[in-house]
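J.: Here you go, protein25.txt (compact mmCIF, C-alpha atoms):
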# COMPACT_ATOMS: atom_id res chain seq x y z
CA MET A 1 -55.26 22.06 -49.71
CA VAL A 2 -58.52 22.05 -47.79
CA PHE A 3 -61.30 19.86 -49.18
CA SER A 4 -64.96 20.83 -49.11
CA ASP A 5 -67.61 18.54 -47.66
CA ASP A 6 -68.64 17.20 -51.08
CA GLN A 7 -65.00 16.32 -51.88
CA LEU A 8 -64.51 14.04 -48.87
CA LEU A 9 -63.89 10.37 -49.69
CA PRO A 10 -64.53 7.35 -47.43
CA ILE A 11 -61.66 6.20 -45.24
CA SER A 12 -62.53 2.59 -46.11
CA ALA A 13 -61.46 3.31 -49.70
CA LEU A 14 -57.84 3.62 -48.51
CA GLN A 15 -57.87 -0.06 -47.60
CA HIS A 16 -59.47 -0.95 -50.94
CA LEU A 17 -56.77 1.03 -52.77
CA LEU A 18 -53.87 -0.58 -50.96
CA TYR A 19 -55.38 -4.05 -51.38
CA CYS A 20 -56.07 -3.57 -55.10
CA PRO A 21 -56.46 -0.32 -57.10
CA ARG A 22 -58.88 -2.05 -59.50
CA GLN A 23 -61.07 -3.23 -56.63
CA CYS A 24 -61.09 0.34 -55.29
CA ALA A 25 -62.18 1.71 -58.67
CA LEU A 26 -64.86 -0.96 -59.18
CA ILE A 27 -66.40 -0.08 -55.81
CA HIS A 28 -65.99 3.70 -55.75
CA ILE A 29 -66.10 4.64 -59.45
CA GLU A 30 -68.31 1.97 -60.99
CA GLN A 31 -70.39 1.51 -57.81
CA LEU A 32 -70.14 -2.29 -57.93
CA TRP A 33 -70.41 -4.51 -54.87
CA ALA A 34 -70.90 -8.19 -54.09
CA GLU A 35 -70.82 -10.24 -50.92
CA ASN A 36 -68.86 -13.36 -50.09
CA ARG A 37 -68.09 -15.19 -46.86
CA TYR A 38 -65.33 -12.76 -45.90
CA THR A 39 -67.41 -9.60 -46.39
CA VAL A 40 -70.38 -11.10 -44.51
CA GLU A 41 -68.15 -12.09 -41.59
CA GLY A 42 -66.65 -8.61 -41.51
CA ARG A 43 -70.07 -6.93 -41.64
CA HIS A 44 -71.33 -9.14 -38.83
CA LEU A 45 -68.33 -8.26 -36.66
CA HIS A 46 -68.89 -4.54 -37.24
CA SER A 47 -72.63 -4.79 -36.54
CA ARG A 48 -71.89 -6.31 -33.14
CA THR A 49 -69.46 -3.49 -32.42
CA ASP A 50 -71.91 -0.80 -33.59
CA ALA A 51 -74.63 -2.24 -31.34
CA GLY A 52 -72.51 -1.78 -28.23
CA LYS A 53 -73.36 0.97 -25.77
CA GLN A 54 -71.30 4.00 -24.90
CA GLU A 55 -69.32 3.27 -21.75
CA ASN A 56 -67.77 5.24 -18.96
CA ARG A 57 -65.43 3.46 -16.62
CA LYS A 58 -62.60 4.66 -14.48
CA GLY A 59 -60.24 6.66 -16.63
CA VAL A 60 -61.82 5.74 -19.99
CA ARG A 61 -64.84 7.00 -21.92
CA THR A 62 -65.68 4.70 -24.85
CA ALA A 63 -67.48 5.93 -27.99
CA ARG A 64 -68.70 3.56 -30.72
CA SER A 65 -69.33 4.23 -34.42
CA LEU A 66 -67.88 7.71 -34.01
CA ALA A 67 -68.09 9.89 -37.14
CA VAL A 68 -64.67 11.28 -38.06
CA TRP A 69 -63.43 13.50 -40.87
CA SER A 70 -60.45 15.49 -42.10
CA ARG A 71 -60.72 18.33 -44.58
CA THR A 72 -56.93 18.34 -44.86
CA LEU A 73 -56.82 14.73 -46.08
CA GLY A 74 -60.23 14.88 -47.75
CA LEU A 75 -61.56 11.87 -45.84
CA PHE A 76 -64.56 10.89 -43.73
CA GLY A 77 -65.77 7.72 -42.06
CA LYS A 78 -66.65 6.02 -38.81
CA ALA A 79 -64.28 4.75 -36.14
CA ASP A 80 -65.51 1.45 -34.73
CA VAL A 81 -64.42 2.32 -31.20
CA VAL A 82 -62.59 5.30 -29.73
CA GLU A 83 -61.42 5.16 -26.15
CA PHE A 84 -60.97 8.63 -24.67
CA ARG A 85 -58.43 7.97 -21.98
CA LEU A 86 -58.94 10.43 -19.15
CA GLU A 87 -56.23 11.47 -16.80
CA ASP A 88 -56.70 11.32 -13.06
CA PRO A 89 -57.66 14.94 -12.20
CA SER A 90 -55.47 14.77 -9.10
CA THR A 91 -52.39 14.26 -11.29
CA ARG A 92 -53.09 17.12 -13.69
CA PRO A 93 -50.57 19.93 -13.66
CA GLU A 94 -51.63 23.37 -12.53
CA ARG A 95 -52.30 26.01 -15.15
CA VAL A 96 -49.07 27.92 -15.66
CA GLU A 97 -48.78 31.67 -15.83
CA GLY A 98 -49.46 33.01 -19.31
CA GLN A 99 -51.29 29.86 -20.46
CA SER A 100 -54.78 30.61 -21.76
CA ALA A 101 -57.79 28.61 -20.62
CA ALA A 102 -58.10 27.11 -24.13
CA GLU A 103 -54.43 26.07 -24.19
CA PHE A 104 -54.72 24.52 -20.73
CA SER A 105 -57.87 22.63 -21.74
CA ILE A 106 -56.31 21.26 -24.94
CA ALA A 107 -53.12 20.23 -23.14
CA ASN A 108 -55.17 18.23 -20.63
CA ASP A 109 -57.88 16.83 -22.89
CA PRO A 110 -58.54 13.09 -22.96
CA VAL A 111 -56.33 11.27 -25.47
CA PRO A 112 -58.32 9.45 -28.20
CA PHE A 113 -57.28 5.83 -28.81
CA PRO A 114 -58.98 4.46 -31.98
CA ILE A 115 -59.68 0.73 -32.27
CA GLU A 116 -60.63 -0.84 -35.61
CA TYR A 117 -62.28 -4.27 -35.69
CA LYS A 118 -61.26 -6.70 -38.44
CA ARG A 119 -62.23 -10.26 -39.23
CA GLY A 120 -59.44 -12.79 -39.71
CA LYS A 121 -55.93 -12.26 -38.44
CA PRO A 122 -53.10 -9.70 -38.78
CA LYS A 123 -51.96 -9.18 -42.36
CA ALA A 124 -48.58 -8.71 -43.98
CA HIS A 125 -49.63 -5.57 -45.90
CA ASP A 126 -50.30 -2.09 -44.45
CA ALA A 127 -53.94 -1.60 -45.49
CA ASP A 128 -55.42 -2.09 -42.00
CA ARG A 129 -52.77 0.07 -40.34
CA VAL A 130 -53.29 2.89 -42.86
CA GLN A 131 -57.06 2.82 -42.33
CA LEU A 132 -56.54 3.08 -38.56
CA CYS A 133 -53.94 5.84 -38.93
CA ALA A 134 -56.35 7.83 -41.11
CA GLN A 135 -58.88 7.70 -38.28
CA ALA A 136 -56.18 8.96 -35.90
CA LEU A 137 -55.28 11.87 -38.21
CA CYS A 138 -58.98 12.77 -38.40
CA LEU A 139 -59.25 12.71 -34.60
CA GLU A 140 -56.17 14.92 -34.29
CA GLU A 141 -57.71 17.47 -36.64
CA MET A 142 -61.13 17.33 -34.96
CA PHE A 143 -59.98 17.55 -31.34
CA ALA A 144 -56.66 19.40 -31.72
CA VAL A 145 -54.88 16.76 -29.67
CA ALA A 146 -52.08 14.32 -30.48
CA VAL A 147 -53.12 10.70 -31.11
CA PRO A 148 -49.92 8.64 -30.81
CA ALA A 149 -51.36 5.12 -30.94
CA GLY A 150 -54.37 2.90 -31.55
CA ALA A 151 -55.15 -0.78 -31.98
CA LEU A 152 -56.48 -3.36 -34.43
CA PHE A 153 -58.73 -6.08 -33.02
CA TYR A 154 -58.83 -9.26 -35.12
CA GLY A 155 -61.80 -11.61 -34.88
CA ARG A 156 -59.81 -14.81 -35.38
CA THR A 157 -57.14 -14.16 -32.76
CA ARG A 158 -59.49 -12.23 -30.42
CA ARG A 159 -56.59 -9.98 -29.52
CA ARG A 160 -55.66 -6.36 -29.95
CA GLN A 161 -52.60 -5.49 -31.98
CA ASP A 162 -51.24 -2.11 -30.87
CA VAL A 163 -50.25 0.29 -33.64
CA GLN A 164 -47.91 3.26 -33.15
CA PHE A 165 -48.59 6.14 -35.51
CA ASP A 166 -44.98 6.88 -36.33
CA GLN A 167 -43.88 9.29 -39.03
CA ALA A 168 -43.47 6.57 -41.66
CA LEU A 169 -47.06 5.36 -41.20
CA ARG A 170 -48.40 8.91 -41.16
CA ASP A 171 -46.56 9.70 -44.41
CA LEU A 172 -47.87 6.52 -46.05
CA THR A 173 -51.41 7.38 -44.98
CA ARG A 174 -51.21 10.90 -46.40
CA GLN A 175 -49.70 9.58 -49.65
CA THR A 176 -52.44 6.97 -49.95
CA ALA A 177 -55.13 9.59 -49.40
CA ALA A 178 -53.59 11.69 -52.19
CA ARG A 179 -53.47 8.62 -54.50
CA LEU A 180 -57.13 7.92 -53.72
CA HIS A 181 -58.20 11.42 -54.73
CA GLU A 182 -56.12 11.14 -57.91
CA LEU A 183 -57.57 7.73 -58.86
CA LEU A 184 -61.21 8.64 -58.23
CA GLY A 185 -60.70 12.08 -59.76
CA ARG A 186 -59.57 10.51 -63.05
CA GLY A 187 -62.57 8.20 -63.04
CA ILE A 188 -60.69 5.45 -64.93
CA THR A 189 -60.70 1.85 -63.68
CA PRO A 190 -57.23 0.26 -63.87
CA PRO A 191 -56.82 -3.00 -65.81
CA ALA A 192 -56.99 -6.31 -63.96
CA VAL A 193 -53.82 -7.95 -62.67
CA TYR A 194 -54.37 -11.49 -61.39
CA GLU A 195 -52.82 -12.26 -57.99
CA LYS A 196 -54.07 -15.58 -56.66
CA ASN A 197 -53.89 -14.78 -52.94
CA LYS A 198 -55.87 -11.58 -53.42
CA CYS A 199 -58.19 -12.35 -56.32
CA GLU A 200 -59.49 -15.67 -55.03
CA ARG A 201 -60.62 -14.00 -51.78
CA CYS A 202 -62.17 -10.94 -53.45
CA SER A 203 -65.97 -10.75 -53.55
CA LEU A 204 -65.77 -8.85 -56.87
CA LYS A 205 -63.84 -11.59 -58.69
CA HIS A 206 -66.76 -12.50 -60.97
CA LEU A 207 -67.28 -8.82 -61.83
CA CYS A 208 -63.59 -8.01 -62.23
CA LEU A 209 -62.72 -11.09 -64.35
CA PRO A 210 -59.01 -10.85 -63.46
CA ARG A 211 -58.05 -13.97 -65.44
CA MET A 212 -59.56 -12.80 -68.72
CA PRO A 213 -56.73 -12.21 -71.21
CA ALA A 214 -56.00 -8.53 -71.73
CA GLY A 215 -57.87 -7.08 -74.67
CA ARG A 216 -60.49 -9.85 -74.98
CA ALA A 217 -63.30 -7.74 -73.56
CA GLN A 218 -62.32 -4.79 -75.75
CA ARG A 219 -62.21 -6.97 -78.87
CA TYR A 220 -65.61 -8.44 -78.04
CA LEU A 221 -67.17 -4.98 -77.65
CA GLN A 222 -65.55 -3.78 -80.88
CA SER A 223 -66.82 -6.79 -82.82
CA ALA A 224 -70.31 -6.43 -81.34
CA LEU A 225 -70.39 -2.74 -82.27
CA ALA A 226 -69.15 -3.49 -85.81
CA ALA A 227 -71.87 -6.17 -86.23
CA ALA A 228 -74.55 -3.76 -85.02
CA LEU A 229 -73.41 -1.04 -87.41
CA ALA A 230 -73.29 -3.50 -90.33
CA ALA A 231 -76.84 -4.63 -89.61
CA GLY A 232 -78.09 -1.06 -89.94
CA PRO A 233 -80.97 0.55 -88.08
CA ALA A 234 -83.70 -1.75 -86.76
CA SER A 235 -86.99 -1.65 -88.64
CA ASP A 236 -90.38 -1.17 -86.93
What would the structure in this file look like if it were written as structure tokens?

T.:
Amino acid sequence: MVFSDDQLLPISALQHLLYCPRQCALIHIEQLWAENRYTVEGRHLHSRTDAGKQENRKGVRTARSLAVWSRTLGLFGKADVVEFRLEDPSTRPERVEGQSAAEFSIANDPVPFPIEYKRGKPKAHDADRVQLCAQALCLEEMFAVAVPAGALFYGRTRRRQDVQFDQALRDLTRQTAARLHELLGRGITPPAVYEKNKCERCSLKHLCLPRMPAGRAQRYLQSALAAALAAGPASD
């Protein structure tokens, strides 16, 4: 399937989905958002990255806030940093007989190396790695070149964590993109499931109300509607 421009969904939603499907729906279906210390720290880290200049140094051309997209996955977004690693021209192979100019150019193009900046430290779940892999799959589609690896840079450790885009991670990323389109296509927000480690760090906790007993909100709305109907139409 090839998605049209108006069907593309944000790459960042993949991370929201893997962290918590309800959080993903609250943000991308119900259009709810709230800040807390963690989101502010993350936004500040990204703003510093976005403000950086494009760089060219020996063997590497660095692009920042690079727009990426994939009509195959139905995704779009921005890569914090992409290093285009250039080969030494003196080491490039000669064009072989029968190889077109386009084929030779693609075979010797710079290799994109996406780098995603994250606050905090490396996590046990795959959300960050999937988000980075989605950027790589977009770059592969855009530039018709293999992107075998990238890196996650964490603000707390101040170190890069290299990520290999192996088949398992690529499959998980494609499956997550398909789940995202299914969830947002249905337009139904999943019920809350309280998980202390996740919910207490979520900026949407007071909007999600994950500790409210199941059915309480529905019963309240039903009783309020019944009371309004019993009261009859309001008089002028």

J.: Just checking: using all atoms listed in the file, which residue out of A:Asn197, A:Thr173, A:Gln131, A:Gln23 ends up closest to Tyr117 (chain A)?

T.: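 Once distances to Tyr117 (chain A) are computed over all atoms listed in the file, the minimum belongs to A:Gln131.
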
J.: Would you list the contacts of region 177-193 of chain A as a PyMOL selection string, taking every protein, DNA or RNA residue within 10 Å and counting only C-alpha atoms, but skipping same-chain residues closer than 2 positions in sequence?

T.: chain A and resi 7-11+13-14+16-18+20-30+73-75+130-131+134+171-175+195-196+199+208-215

J.: Would you mind telling me which residue in A:Val2, A:Leu204, A:Leu225, A:Val163 lies nearest to Asp126 (chain A) when using only C-alpha atoms?

T.: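 Looking at the shortest contact to Asp126 (chain A), the residue is A:Val163.
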
J.: Find the residue from A:Gly77, A:Pro110, A:Pro122, A:Gly59 that sits nearest to Arg159 (chain A); use all atoms listed in the file when measuring.

T.: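 Nearest to Arg159 (chain A): A:Pro122.
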
J.: Show me the residues around (-59.8, 13.6, -29.8) - criterion: an atom at most 10 Å away, all atoms listed in the file counted - as a VMD selection string.

T.: chain A and resid 68 82 to 85 106 109 to 114 136 to 147

J.: What is the distance, in Å and to one decimal place, between CA of Glu116 (chain A) and CA of Lys78 (chain A)?

T.: 9.7 Å

J.: What separation in Å, quoted to one decimal, exists between CA of Phe165 (chain A) and CA of Ala127 (chain A)?

T.: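 Pair CA of Phe165 (chain A) / CA of Ala127 (chain A) returns 13.7 Å.
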
J.: Which one is closest to Trp69 (chain A): A:Ala226, A:Leu169, A:Lys123, A:Gln135? Count only C-alpha atoms.

T.: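 When distances to Trp69 (chain A) are compared using only C-alpha atoms, the smallest one comes from A:Gln135.
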